[in-house]
$ cat data_38.pdb   # PDB, C-alpha atoms and all ligand atoms
ATOM      1  CA  MET A   1     -14.560   7.345  15.323  1.00  0.00           C
ATOM      2  CA  ASN A   2     -11.287   5.708  14.307  1.00  0.00           C
ATOM      3  CA  LEU A   3      -9.700   5.617  10.855  1.00  0.00           C
ATOM      4  CA  TYR A   4      -7.869   2.451   9.756  1.00  0.00           C
ATOM      5  CA  LEU A   5      -5.595   2.992   6.748  1.00  0.00           C
ATOM      6  CA  PHE A   6      -4.187  -0.111   5.069  1.00  0.00           C
ATOM      7  CA  ASP A   7      -1.232  -0.509   2.745  1.00  0.00           C
ATOM      8  CA  VAL A   8      -1.954  -3.075  -0.024  1.00  0.00           C
ATOM      9  CA  ASP A   9       1.149  -5.082  -1.065  1.00  0.00           C
ATOM     10  CA  ASN A  10       2.274  -7.663   1.512  1.00  0.00           C
ATOM     11  CA  THR A  11       0.019  -6.100   4.141  1.00  0.00           C
ATOM     12  CA  MET A  12      -3.342  -7.390   2.896  1.00  0.00           C
ATOM     13  CA  LEU A  13      -2.327  -9.523  -0.041  1.00  0.00           C
ATOM     14  CA  ASP A  14       0.605 -10.907  -1.962  1.00  0.00           C
ATOM     15  CA  VAL A  15       1.086  -9.966  -5.610  1.00  0.00           C
ATOM     16  CA  ASP A  16       4.857  -9.632  -5.493  1.00  0.00           C
ATOM     17  CA  HIS A  17       5.321 -12.504  -7.916  1.00  0.00           C
ATOM     18  CA  LEU A  18       3.462 -10.480 -10.585  1.00  0.00           C
ATOM     19  CA  HIS A  19       5.195  -7.129 -10.144  1.00  0.00           C
ATOM     20  CA  ARG A  20       8.528  -7.843 -11.795  1.00  0.00           C
ATOM     21  CA  GLN A  21       6.830  -9.458 -14.770  1.00  0.00           C
ATOM     22  CA  ALA A  22       4.315  -6.602 -15.089  1.00  0.00           C
ATOM     23  CA  TYR A  23       7.064  -3.981 -15.120  1.00  0.00           C
ATOM     24  CA  GLU A  24       9.316  -5.874 -17.506  1.00  0.00           C
ATOM     25  CA  GLU A  25       6.586  -6.640 -20.038  1.00  0.00           C
ATOM     26  CA  MET A  26       5.517  -2.998 -19.936  1.00  0.00           C
ATOM     27  CA  TYR A  27       9.070  -1.603 -20.350  1.00  0.00           C
ATOM     28  CA  GLU A  28       9.440  -3.627 -23.499  1.00  0.00           C
ATOM     29  CA  LYS A  29       5.962  -3.031 -24.886  1.00  0.00           C
ATOM     30  CA  VAL A  30       5.522   0.660 -24.109  1.00  0.00           C
ATOM     31  CA  TYR A  31       9.104   1.996 -24.071  1.00  0.00           C
ATOM     32  CA  ASN A  32      10.865  -0.643 -26.155  1.00  0.00           C
ATOM     33  CA  VAL A  33      13.450  -1.209 -23.406  1.00  0.00           C
ATOM     34  CA  LYS A  34      14.621  -4.707 -22.490  1.00  0.00           C
ATOM     35  CA  HIS A  35      17.085  -4.109 -19.686  1.00  0.00           C
ATOM     36  CA  SER A  36      16.078  -1.646 -17.017  1.00  0.00           C
ATOM     37  CA  LEU A  37      17.690  -0.574 -13.738  1.00  0.00           C
ATOM     38  CA  SER A  38      16.492  -1.661 -10.335  1.00  0.00           C
ATOM     39  CA  LEU A  39      15.285   0.898  -7.798  1.00  0.00           C
ATOM     40  CA  PRO A  40      18.147   2.572  -5.888  1.00  0.00           C
ATOM     41  CA  LYS A  41      17.977   2.376  -2.072  1.00  0.00           C
ATOM     42  CA  GLY A  42      16.077   5.184  -0.432  1.00  0.00           C
ATOM     43  CA  GLU A  43      13.963   5.945  -3.506  1.00  0.00           C
ATOM     44  CA  GLU A  44      10.189   6.197  -3.096  1.00  0.00           C
ATOM     45  CA  ARG A  45       8.554   2.908  -4.012  1.00  0.00           C
ATOM     46  CA  THR A  46       5.661   4.284  -6.025  1.00  0.00           C
ATOM     47  CA  THR A  47       4.657   2.945  -9.439  1.00  0.00           C
ATOM     48  CA  HIS A  48       5.528   6.254 -11.114  1.00  0.00           C
ATOM     49  CA  ASN A  49       8.903   6.598  -9.418  1.00  0.00           C
ATOM     50  CA  ILE A  50       9.900   2.982 -10.035  1.00  0.00           C
ATOM     51  CA  ILE A  51       9.225   3.504 -13.759  1.00  0.00           C
ATOM     52  CA  ARG A  52      11.205   6.781 -13.803  1.00  0.00           C
ATOM     53  CA  CYS A  53      14.210   5.244 -12.015  1.00  0.00           C
ATOM     54  CA  ALA A  54      14.204   2.057 -14.079  1.00  0.00           C
ATOM     55  CA  LEU A  55      14.223   3.875 -17.419  1.00  0.00           C
ATOM     56  CA  THR A  56      16.336   6.891 -16.567  1.00  0.00           C
ATOM     57  CA  ASN A  57      19.412   5.718 -18.550  1.00  0.00           C
ATOM     58  CA  ASN A  58      17.448   4.519 -21.566  1.00  0.00           C
ATOM     59  CA  VAL A  59      14.542   6.865 -22.187  1.00  0.00           C
ATOM     60  CA  PRO A  60      14.375  10.704 -22.173  1.00  0.00           C
ATOM     61  CA  GLY A  61      12.468  12.032 -19.164  1.00  0.00           C
ATOM     62  CA  LYS A  62       9.888  13.763 -21.332  1.00  0.00           C
ATOM     63  CA  LYS A  63       9.037  10.542 -23.126  1.00  0.00           C
ATOM     64  CA  ILE A  64       8.770   8.627 -19.832  1.00  0.00           C
ATOM     65  CA  GLU A  65       6.177  11.150 -18.603  1.00  0.00           C
ATOM     66  CA  GLU A  66       4.286  11.311 -21.912  1.00  0.00           C
ATOM     67  CA  GLN A  67       3.797   7.554 -21.898  1.00  0.00           C
ATOM     68  CA  MET A  68       3.247   7.145 -18.156  1.00  0.00           C
ATOM     69  CA  GLU A  69      -0.507   6.726 -18.466  1.00  0.00           C
ATOM     70  CA  GLU A  70      -0.112   4.150 -21.234  1.00  0.00           C
ATOM     71  CA  ALA A  71       2.483   2.350 -19.078  1.00  0.00           C
ATOM     72  CA  VAL A  72       0.101   2.115 -16.133  1.00  0.00           C
ATOM     73  CA  GLU A  73      -2.759   0.958 -18.396  1.00  0.00           C
ATOM     74  CA  SER A  74      -0.536  -1.725 -19.867  1.00  0.00           C
ATOM     75  CA  MET A  75       0.381  -3.037 -16.416  1.00  0.00           C
ATOM     76  CA  ALA A  76      -3.226  -2.860 -15.231  1.00  0.00           C
ATOM     77  CA  ARG A  77      -4.222  -5.192 -18.084  1.00  0.00           C
ATOM     78  CA  LEU A  78      -1.765  -7.810 -16.872  1.00  0.00           C
ATOM     79  CA  TYR A  79      -3.082  -7.568 -13.300  1.00  0.00           C
ATOM     80  CA  MET A  80      -6.634  -7.761 -14.642  1.00  0.00           C
ATOM     81  CA  SER A  81      -5.940 -11.175 -16.159  1.00  0.00           C
ATOM     82  CA  ARG A  82      -3.744 -12.615 -13.422  1.00  0.00           C
ATOM     83  CA  VAL A  83      -4.831 -11.378  -9.978  1.00  0.00           C
ATOM     84  CA  ASN A  84      -7.293 -13.542  -8.058  1.00  0.00           C
ATOM     85  CA  PRO A  85      -8.850 -13.700  -4.564  1.00  0.00           C
ATOM     86  CA  LEU A  86      -6.392 -16.395  -3.442  1.00  0.00           C
ATOM     87  CA  PHE A  87      -3.744 -13.669  -3.205  1.00  0.00           C
ATOM     88  CA  VAL A  88      -5.481 -12.182  -0.158  1.00  0.00           C
ATOM     89  CA  HIS A  89      -3.938 -13.107   3.203  1.00  0.00           C
ATOM     90  CA  THR A  90      -6.069 -15.440   5.311  1.00  0.00           C
ATOM     91  CA  ASN A  91      -8.842 -13.725   7.316  1.00  0.00           C
ATOM     92  CA  VAL A  92      -8.225 -10.211   5.913  1.00  0.00           C
ATOM     93  CA  PRO A  93     -11.812  -9.821   4.546  1.00  0.00           C
ATOM     94  CA  HIS A  94     -13.250 -10.783   7.950  1.00  0.00           C
ATOM     95  CA  ILE A  95     -10.978  -8.338   9.816  1.00  0.00           C
ATOM     96  CA  LEU A  96     -11.923  -5.536   7.386  1.00  0.00           C
ATOM     97  CA  GLY A  97     -15.605  -6.287   8.005  1.00  0.00           C
ATOM     98  CA  LYS A  98     -15.097  -6.016  11.766  1.00  0.00           C
ATOM     99  CA  LEU A  99     -13.125  -2.756  11.483  1.00  0.00           C
ATOM    100  CA  ASN A 100     -15.858  -1.279   9.283  1.00  0.00           C
ATOM    101  CA  GLU A 101     -18.216  -1.743  12.252  1.00  0.00           C
ATOM    102  CA  ARG A 102     -15.816   0.232  14.456  1.00  0.00           C
ATOM    103  CA  GLY A 103     -14.824   3.076  12.204  1.00  0.00           C
ATOM    104  CA  MET A 104     -13.770   4.069   8.726  1.00  0.00           C
ATOM    105  CA  VAL A 105     -11.454   1.881   6.658  1.00  0.00           C
ATOM    106  CA  GLY A 106      -9.274   3.169   3.821  1.00  0.00           C
ATOM    107  CA  VAL A 107      -6.249   2.400   1.671  1.00  0.00           C
ATOM    108  CA  PHE A 108      -2.933   4.173   1.154  1.00  0.00           C
ATOM    109  CA  THR A 109      -0.577   2.762  -1.447  1.00  0.00           C
ATOM    110  CA  GLY A 110       2.423   3.625  -3.598  1.00  0.00           C
ATOM    111  CA  GLY A 111       0.667   1.839  -6.456  1.00  0.00           C
ATOM    112  CA  ALA A 112      -0.942   3.810  -9.283  1.00  0.00           C
ATOM    113  CA  ARG A 113      -4.714   4.298  -8.998  1.00  0.00           C
ATOM    114  CA  HIS A 114      -5.706   2.242 -12.023  1.00  0.00           C
ATOM    115  CA  ILE A 115      -3.559  -0.730 -10.968  1.00  0.00           C
ATOM    116  CA  THR A 116      -4.728  -0.483  -7.340  1.00  0.00           C
ATOM    117  CA  ASN A 117      -8.383  -0.454  -8.417  1.00  0.00           C
ATOM    118  CA  VAL A 118      -7.835  -3.562 -10.539  1.00  0.00           C
ATOM    119  CA  ILE A 119      -6.084  -5.408  -7.688  1.00  0.00           C
ATOM    120  CA  LEU A 120      -8.761  -4.467  -5.130  1.00  0.00           C
ATOM    121  CA  LYS A 121     -11.598  -5.412  -7.486  1.00  0.00           C
ATOM    122  CA  LYS A 122     -10.078  -8.712  -8.596  1.00  0.00           C
ATOM    123  CA  THR A 123      -9.531  -9.708  -4.941  1.00  0.00           C
ATOM    124  CA  ASN A 124     -13.087  -8.643  -3.951  1.00  0.00           C
ATOM    125  CA  LEU A 125     -11.736  -6.130  -1.433  1.00  0.00           C
ATOM    126  CA  HIS A 126     -12.806  -2.932  -3.195  1.00  0.00           C
ATOM    127  CA  GLU A 127     -16.196  -2.571  -1.489  1.00  0.00           C
ATOM    128  CA  ARG A 128     -14.585  -2.703   1.949  1.00  0.00           C
ATOM    129  CA  PHE A 129     -12.934   0.716   1.700  1.00  0.00           C
ATOM    130  CA  HIS A 130     -14.410   4.177   2.090  1.00  0.00           C
ATOM    131  CA  HIS A 131     -11.377   5.844   0.617  1.00  0.00           C
ATOM    132  CA  VAL A 132      -8.314   5.000  -1.496  1.00  0.00           C
ATOM    133  CA  SER A 133      -5.238   7.278  -1.818  1.00  0.00           C
ATOM    134  CA  THR A 134      -2.510   6.358  -4.316  1.00  0.00           C
ATOM    135  CA  CYS A 135       0.629   7.795  -5.937  1.00  0.00           C
ATOM    136  CA  ASP A 136      -1.719   9.650  -8.301  1.00  0.00           C
ATOM    137  CA  ASP A 137      -2.700  11.792  -5.300  1.00  0.00           C
ATOM    138  CA  ALA A 138       0.760  12.585  -3.874  1.00  0.00           C
ATOM    139  CA  PRO A 139       4.398  11.745  -4.745  1.00  0.00           C
ATOM    140  CA  THR A 140       5.663  10.249  -1.466  1.00  0.00           C
ATOM    141  CA  ARG A 141       4.364   7.649   0.991  1.00  0.00           C
ATOM    142  CA  LYS A 142       4.172  10.233   3.800  1.00  0.00           C
ATOM    143  CA  GLU A 143       2.121  12.578   1.631  1.00  0.00           C
ATOM    144  CA  ILE A 144      -0.114   9.756   0.374  1.00  0.00           C
ATOM    145  CA  VAL A 145      -0.990   8.950   4.015  1.00  0.00           C
ATOM    146  CA  LYS A 146      -1.606  12.668   4.691  1.00  0.00           C
ATOM    147  CA  HIS A 147      -3.873  12.833   1.631  1.00  0.00           C
ATOM    148  CA  ALA A 148      -5.792   9.765   2.803  1.00  0.00           C
ATOM    149  CA  ILE A 149      -6.363  11.182   6.305  1.00  0.00           C
ATOM    150  CA  GLU A 150      -7.495  14.563   4.994  1.00  0.00           C
ATOM    151  CA  ASN A 151      -9.779  13.172   2.329  1.00  0.00           C
ATOM    152  CA  ALA A 152     -11.316  10.433   4.454  1.00  0.00           C
ATOM    153  CA  SER A 153     -12.101  12.857   7.266  1.00  0.00           C
ATOM    154  CA  LEU A 154     -14.117  15.447   5.292  1.00  0.00           C
ATOM    155  CA  GLY A 155     -13.585  17.849   8.158  1.00  0.00           C
ATOM    156  CA  ARG A 156     -14.479  15.550  11.058  1.00  0.00           C
ATOM    157  CA  LYS A 157     -11.913  14.679  13.700  1.00  0.00           C
ATOM    158  CA  PHE A 158     -10.924  11.032  14.136  1.00  0.00           C
ATOM    159  CA  ASP A 159     -10.304   9.721  17.658  1.00  0.00           C
ATOM    160  CA  LYS A 160      -7.366   7.676  16.423  1.00  0.00           C
ATOM    161  CA  VAL A 161      -5.766   7.035  13.046  1.00  0.00           C
ATOM    162  CA  PHE A 162      -4.081   3.657  12.524  1.00  0.00           C
ATOM    163  CA  VAL A 163      -1.625   3.360   9.629  1.00  0.00           C
ATOM    164  CA  ILE A 164      -1.113  -0.318   8.882  1.00  0.00           C
ATOM    165  CA  GLY A 165       1.753  -1.503   6.663  1.00  0.00           C
ATOM    166  CA  ASP A 166       4.517  -4.056   6.229  1.00  0.00           C
ATOM    167  CA  SER A 167       7.571  -1.825   5.756  1.00  0.00           C
ATOM    168  CA  PRO A 168       9.637   0.680   7.786  1.00  0.00           C
ATOM    169  CA  GLU A 169       8.563   3.314   5.214  1.00  0.00           C
ATOM    170  CA  ASP A 170       4.939   2.719   6.240  1.00  0.00           C
ATOM    171  CA  ILE A 171       5.906   3.158   9.914  1.00  0.00           C
ATOM    172  CA  GLU A 172       7.685   6.430   9.081  1.00  0.00           C
ATOM    173  CA  ALA A 173       4.672   7.630   7.116  1.00  0.00           C
ATOM    174  CA  ALA A 174       2.465   6.866  10.137  1.00  0.00           C
ATOM    175  CA  LYS A 175       4.747   8.740  12.521  1.00  0.00           C
ATOM    176  CA  SER A 176       5.038  11.812  10.321  1.00  0.00           C
ATOM    177  CA  ASN A 177       1.223  12.020  10.333  1.00  0.00           C
ATOM    178  CA  ASN A 178       0.858  11.492  14.114  1.00  0.00           C
ATOM    179  CA  ALA A 179      -0.911   8.194  13.525  1.00  0.00           C
ATOM    180  CA  VAL A 180      -0.604   4.924  15.427  1.00  0.00           C
ATOM    181  CA  ALA A 181       1.981   2.886  13.464  1.00  0.00           C
ATOM    182  CA  VAL A 182       0.977  -0.745  12.970  1.00  0.00           C
ATOM    183  CA  GLY A 183       3.583  -3.072  11.465  1.00  0.00           C
ATOM    184  CA  VAL A 184       2.447  -6.269   9.749  1.00  0.00           C
ATOM    185  CA  ALA A 185       5.215  -8.886   9.590  1.00  0.00           C
ATOM    186  CA  MET A 186       4.005 -10.569   6.413  1.00  0.00           C
ATOM    187  CA  GLY A 187       6.380  -8.926   3.951  1.00  0.00           C
ATOM    188  CA  TYR A 188      10.159  -8.631   3.945  1.00  0.00           C
ATOM    189  CA  HIS A 189      10.420  -7.253   7.483  1.00  0.00           C
ATOM    190  CA  ASP A 190      10.087  -9.327  10.662  1.00  0.00           C
ATOM    191  CA  GLU A 191       8.463  -8.274  13.936  1.00  0.00           C
ATOM    192  CA  GLU A 192      11.741  -7.100  15.481  1.00  0.00           C
ATOM    193  CA  THR A 193      12.668  -4.919  12.492  1.00  0.00           C
ATOM    194  CA  LEU A 194       9.231  -3.313  12.518  1.00  0.00           C
ATOM    195  CA  ARG A 195       9.460  -2.616  16.259  1.00  0.00           C
ATOM    196  CA  LYS A 196      12.936  -1.125  15.841  1.00  0.00           C
ATOM    197  CA  SER A 197      11.690   1.154  13.092  1.00  0.00           C
ATOM    198  CA  GLY A 198       9.137   2.539  15.543  1.00  0.00           C
ATOM    199  CA  ALA A 199       5.975   0.450  15.170  1.00  0.00           C
ATOM    200  CA  ASP A 200       3.605   1.031  18.115  1.00  0.00           C
ATOM    201  CA  ILE A 201       1.862  -2.275  17.441  1.00  0.00           C
ATOM    202  CA  VAL A 202       3.095  -5.333  15.535  1.00  0.00           C
ATOM    203  CA  ILE A 203       0.839  -7.946  13.962  1.00  0.00           C
ATOM    204  CA  LYS A 204       2.333 -11.299  12.954  1.00  0.00           C
ATOM    205  CA  ASP A 205      -0.562 -12.270  10.656  1.00  0.00           C
ATOM    206  CA  TRP A 206      -4.350 -11.767  10.440  1.00  0.00           C
ATOM    207  CA  GLU A 207      -5.501 -15.222  11.489  1.00  0.00           C
ATOM    208  CA  ASP A 208      -6.560 -14.667  15.124  1.00  0.00           C
ATOM    209  CA  THR A 209      -9.460 -12.203  14.823  1.00  0.00           C
ATOM    210  CA  GLU A 210      -9.788 -11.532  18.565  1.00  0.00           C
ATOM    211  CA  GLU A 211      -6.086 -10.871  19.021  1.00  0.00           C
ATOM    212  CA  VAL A 212      -5.889  -8.555  16.004  1.00  0.00           C
ATOM    213  CA  LEU A 213      -8.961  -6.577  17.051  1.00  0.00           C
ATOM    214  CA  GLU A 214      -7.643  -6.256  20.595  1.00  0.00           C
ATOM    215  CA  LYS A 215      -4.333  -4.895  19.283  1.00  0.00           C
ATOM    216  CA  LEU A 216      -6.123  -2.449  17.000  1.00  0.00           C
ATOM    217  CA  LYS A 217      -7.822  -0.836  19.971  1.00  0.00           C
ATOM    218  CA  GLY A 218      -4.436   0.763  20.518  1.00  0.00           C
ATOM    219  CA  ARG A 219      -4.357   0.001  24.257  1.00  0.00           C
ATOM    220  CA  ILE A 220      -0.797  -1.264  23.953  1.00  0.00           C
ATOM    221  CA  LEU A 221       0.223   2.362  23.487  1.00  0.00           C
ATOM    222  CA  LEU A 222      -0.795   3.142  27.059  1.00  0.00           C
ATOM    223  CA  ASN A 223       1.598   0.532  28.463  1.00  0.00           C
ATOM    224  CA  SER A 224       4.618   1.381  26.393  1.00  0.00           C
TER     225      SER A 224
HETATM  226 MG    MG B   1       3.558  -2.984   1.373  1.00  0.00          MG
END

$ encode --input "data_38.pdb" --output "structure tokens" --more "lines below"
Ligand SMILES: [Mg+2]
Amino acid sequence: MNLYLFDVDNTMLDVDHLHRQAYEEMYEKVYNVKHSLSLPKGEERTTHNIIRCALTNNVPGKKIEEQMEEAVESMARLYMSRVNPLFVHTNVPHILGKLNERGMVGVFTGGARHITNVILKKTNLHERFHHVSTCDDAPTRKEIVKHAIENASLGRKFDKVFVIGDSPEDIEAAKSNNAVAVGVAMGYHDEETLRKSGADIVIKDWEDTEEVLEKLKGRILLNS
């Protein structure tokens, strides 16, 4: 049996236009901070780490941690009222249905669990996944993928693990876990960038079901 692990943001759906607003409203409401810092290059893009980096000059570390749960709850409320199924990329639900016939389908994401659950429920994708690993389970993308593989497997051995994401960090996380790295060129990185960062397979978009399913057999690996 194969395992297919999907990243959420930009890979399956687009909620980027809500993120900045969600963070900024929360910084003001929960931490009383109006101007925060942006994430330095090379930092882990997890909800928890983005909050820590953004507030580091304005809020004592202890207070950031003490109010972390409240911060996530506050953001989750905004997603609850503003996320809808139109955010899902065309044909993703159909592809997930097909992959569920072939193997096990799960999620790995840098998002916090509560926010991820809200986004998956509001887009009607939640039922399609056997397993969800988030930044509540491990601090880095590589370790979140590792957690997902270990917890989805429950001791059985997968024939192949596909790690499917839109960023070079997702490709790296796949490689460090000996998984097939699948780049999806629907975010900020084009097909060439994803290939250069080591993607074994690149998917332009989800629209052609046959083509996507053929690629996700992993045969391309044999020719490269
Ligand atoms: Mg992403």

$ atom_distance --input "data_38.pdb" --atom1 "atom CA of Asp9 of chain A" --atom2 "atom CA of Val59 of chain A"
27.7 Å

$ axis_aligned_box --input "data_38.pdb" --around "segment 15-18 of chain A" --padding-each-side "8 Å" --output "JSON"
{"center_x": 3.2, "center_y": -11.1, "center_z": -8.0, "size_x": 20.2, "size_y": 18.9, "size_z": 21.1}

$ residues_near_ligand --input "data_38.pdb" --ligand "ligand MG 1 (chain B)" --cutoff "9 Å" --atoms "only C-alpha atoms and all ligand atoms" --output "list in words"
Asp7, Val8, Asp9, Asn10, Thr11, Met12, Leu13, Thr109, Gly110, Gly165, Asp166, Ser167, Glu169, Asp170 and Gly187 of chain A

$ atom_distance --input "data_38.pdb" --atom1 "atom CA of Arg113 of chain A" --atom2 "atom CA of Glu69 of chain A"
10.6 Å

$ closest_residue --input "data_38.pdb" --among "A:Asn2, A:Ser74, A:Asn57, A:Asn91" --to "Glu24 of chain A" --atoms "all atoms listed in the file"
A:Ser74

$ closest_residue --input "data_38.pdb" --among "A:Lys62, A:Lys142, A:Lys204, A:Lys122" --to "Val83 of chain A" --atoms "only C-alpha atoms"
A:Lys122

$ resolve_selection --input "data_38.pdb" --expression "the PyMOL selection byres (((chain A and resi 174-186) around 6) and not hetatm)" --output "PyMOL selection string"
chain A and resi 10+161-166+171-173+187+189-191+194+199-204

$ resolve_selection --input "data_38.pdb" --expression "the PyMOL selection byres (((chain A and resi 40) around 12) and not hetatm)" --output "list of chain:residue names"
A:Leu37, A:Ser38, A:Leu39, A:Lys41, A:Gly42, A:Glu43, A:Glu44, A:Arg45, A:Asn49, A:Ile50, A:Ile51, A:Arg52, A:Cys53, A:Ala54, A:Thr56

$ atom_distance --input "data_38.pdb" --atom1 "atom CA of Glu214 of chain A" --atom2 "atom CA of Leu96 of chain A"
13.9 Å

$ residues_near_point --input "data_38.pdb" --point "(-13.4, 1.9, 8.5)" --cutoff "9 Å" --atoms "all atoms listed in the file" --output "PyMOL selection string"
chain A and resi 1-5+96-106+128-130

$ decode --input "data_38.pdb" --residues "segment 188-213 of chain A" --atoms "N, CA and C atoms" --output "PDB file, in the first residue's frame"
ATOM      1  N   TYR A 188       4.184  29.647  -4.868  1.00  0.00           N
ATOM      2  CA  TYR A 188       5.133  30.684  -5.280  1.00  0.00           C
ATOM      3  C   TYR A 188       6.302  30.129  -6.075  1.00  0.00           C
ATOM      4  N   HIS A 189       6.313  28.800  -6.301  1.00  0.00           N
ATOM      5  CA  HIS A 189       7.463  28.186  -6.959  1.00  0.00           C
ATOM      6  C   HIS A 189       7.036  27.475  -8.236  1.00  0.00           C
ATOM      7  N   ASP A 190       7.724  27.804  -9.357  1.00  0.00           N
ATOM      8  CA  ASP A 190       7.327  27.208 -10.638  1.00  0.00           C
ATOM      9  C   ASP A 190       7.936  25.814 -10.804  1.00  0.00           C
ATOM     10  N   GLU A 191       7.573  25.163 -11.909  1.00  0.00           N
ATOM     11  CA  GLU A 191       7.979  23.771 -12.131  1.00  0.00           C
ATOM     12  C   GLU A 191       9.507  23.622 -12.114  1.00  0.00           C
ATOM     13  N   GLU A 192      10.192  24.580 -12.744  1.00  0.00           N
ATOM     14  CA  GLU A 192      11.653  24.493 -12.835  1.00  0.00           C
ATOM     15  C   GLU A 192      12.304  24.590 -11.452  1.00  0.00           C
ATOM     16  N   THR A 193      11.808  25.543 -10.645  1.00  0.00           N
ATOM     17  CA  THR A 193      12.362  25.703  -9.288  1.00  0.00           C
ATOM     18  C   THR A 193      12.171  24.431  -8.471  1.00  0.00           C
ATOM     19  N   LEU A 194      10.996  23.832  -8.610  1.00  0.00           N
ATOM     20  CA  LEU A 194      10.703  22.617  -7.835  1.00  0.00           C
ATOM     21  C   LEU A 194      11.607  21.468  -8.284  1.00  0.00           C
ATOM     22  N   ARG A 195      11.824  21.362  -9.606  1.00  0.00           N
ATOM     23  CA  ARG A 195      12.717  20.322 -10.117  1.00  0.00           C
ATOM     24  C   ARG A 195      14.134  20.536  -9.608  1.00  0.00           C
ATOM     25  N   LYS A 196      14.582  21.799  -9.655  1.00  0.00           N
ATOM     26  CA  LYS A 196      15.943  22.119  -9.198  1.00  0.00           C
ATOM     27  C   LYS A 196      16.116  21.837  -7.713  1.00  0.00           C
ATOM     28  N   SER A 197      15.037  21.996  -6.951  1.00  0.00           N
ATOM     29  CA  SER A 197      15.189  21.707  -5.515  1.00  0.00           C
ATOM     30  C   SER A 197      15.037  20.218  -5.219  1.00  0.00           C
ATOM     31  N   GLY A 198      14.929  19.401  -6.277  1.00  0.00           N
ATOM     32  CA  GLY A 198      15.014  17.953  -6.079  1.00  0.00           C
ATOM     33  C   GLY A 198      13.721  17.176  -6.219  1.00  0.00           C
ATOM     34  N   ALA A 199      12.653  17.825  -6.706  1.00  0.00           N
ATOM     35  CA  ALA A 199      11.384  17.104  -6.860  1.00  0.00           C
ATOM     36  C   ALA A 199      11.551  15.936  -7.833  1.00  0.00           C
ATOM     37  N   ASP A 200      11.057  14.758  -7.461  1.00  0.00           N
ATOM     38  CA  ASP A 200      11.099  13.593  -8.348  1.00  0.00           C
ATOM     39  C   ASP A 200      10.003  13.697  -9.399  1.00  0.00           C
ATOM     40  N   ILE A 201       8.912  14.322  -9.024  1.00  0.00           N
ATOM     41  CA  ILE A 201       7.738  14.456  -9.892  1.00  0.00           C
ATOM     42  C   ILE A 201       7.239  15.890  -9.726  1.00  0.00           C
ATOM     43  N   VAL A 202       6.817  16.521 -10.826  1.00  0.00           N
ATOM     44  CA  VAL A 202       6.235  17.860 -10.705  1.00  0.00           C
ATOM     45  C   VAL A 202       4.842  17.870 -11.320  1.00  0.00           C
ATOM     46  N   ILE A 203       3.901  18.438 -10.594  1.00  0.00           N
ATOM     47  CA  ILE A 203       2.522  18.544 -11.069  1.00  0.00           C
ATOM     48  C   ILE A 203       2.191  20.021 -11.242  1.00  0.00           C
ATOM     49  N   LYS A 204       1.701  20.354 -12.434  1.00  0.00           N
ATOM     50  CA  LYS A 204       1.403  21.763 -12.766  1.00  0.00           C
ATOM     51  C   LYS A 204       0.137  22.206 -12.040  1.00  0.00           C
ATOM     52  N   ASP A 205      -0.919  21.387 -12.149  1.00  0.00           N
ATOM     53  CA  ASP A 205      -2.171  21.618 -11.419  1.00  0.00           C
ATOM     54  C   ASP A 205      -2.900  20.277 -11.347  1.00  0.00           C
ATOM     55  N   TRP A 206      -4.098  20.256 -10.755  1.00  0.00           N
ATOM     56  CA  TRP A 206      -4.786  18.982 -10.495  1.00  0.00           C
ATOM     57  C   TRP A 206      -5.828  18.625 -11.555  1.00  0.00           C
ATOM     58  N   GLU A 207      -5.925  19.426 -12.614  1.00  0.00           N
ATOM     59  CA  GLU A 207      -7.116  19.343 -13.463  1.00  0.00           C
ATOM     60  C   GLU A 207      -7.238  18.071 -14.297  1.00  0.00           C
ATOM     61  N   ASP A 208      -6.116  17.530 -14.784  1.00  0.00           N
ATOM     62  CA  ASP A 208      -6.175  16.325 -15.618  1.00  0.00           C
ATOM     63  C   ASP A 208      -6.001  15.084 -14.725  1.00  0.00           C
ATOM     64  N   THR A 209      -7.115  14.474 -14.360  1.00  0.00           N
ATOM     65  CA  THR A 209      -7.095  13.351 -13.408  1.00  0.00           C
ATOM     66  C   THR A 209      -6.166  12.232 -13.868  1.00  0.00           C
ATOM     67  N   GLU A 210      -6.305  11.821 -15.145  1.00  0.00           N
ATOM     68  CA  GLU A 210      -5.508  10.699 -15.646  1.00  0.00           C
ATOM     69  C   GLU A 210      -4.010  10.991 -15.550  1.00  0.00           C
ATOM     70  N   GLU A 211      -3.644  12.191 -15.960  1.00  0.00           N
ATOM     71  CA  GLU A 211      -2.226  12.568 -15.951  1.00  0.00           C
ATOM     72  C   GLU A 211      -1.671  12.581 -14.524  1.00  0.00           C
ATOM     73  N   VAL A 212      -2.442  13.168 -13.606  1.00  0.00           N
ATOM     74  CA  VAL A 212      -1.995  13.244 -12.209  1.00  0.00           C
ATOM     75  C   VAL A 212      -1.849  11.841 -11.620  1.00  0.00           C
ATOM     76  N   LEU A 213      -2.835  10.990 -11.863  1.00  0.00           N
ATOM     77  CA  LEU A 213      -2.781   9.640 -11.290  1.00  0.00           C
ATOM     78  C   LEU A 213      -1.639   8.826 -11.885  1.00  0.00           C
TER      79      LEU A 213
END
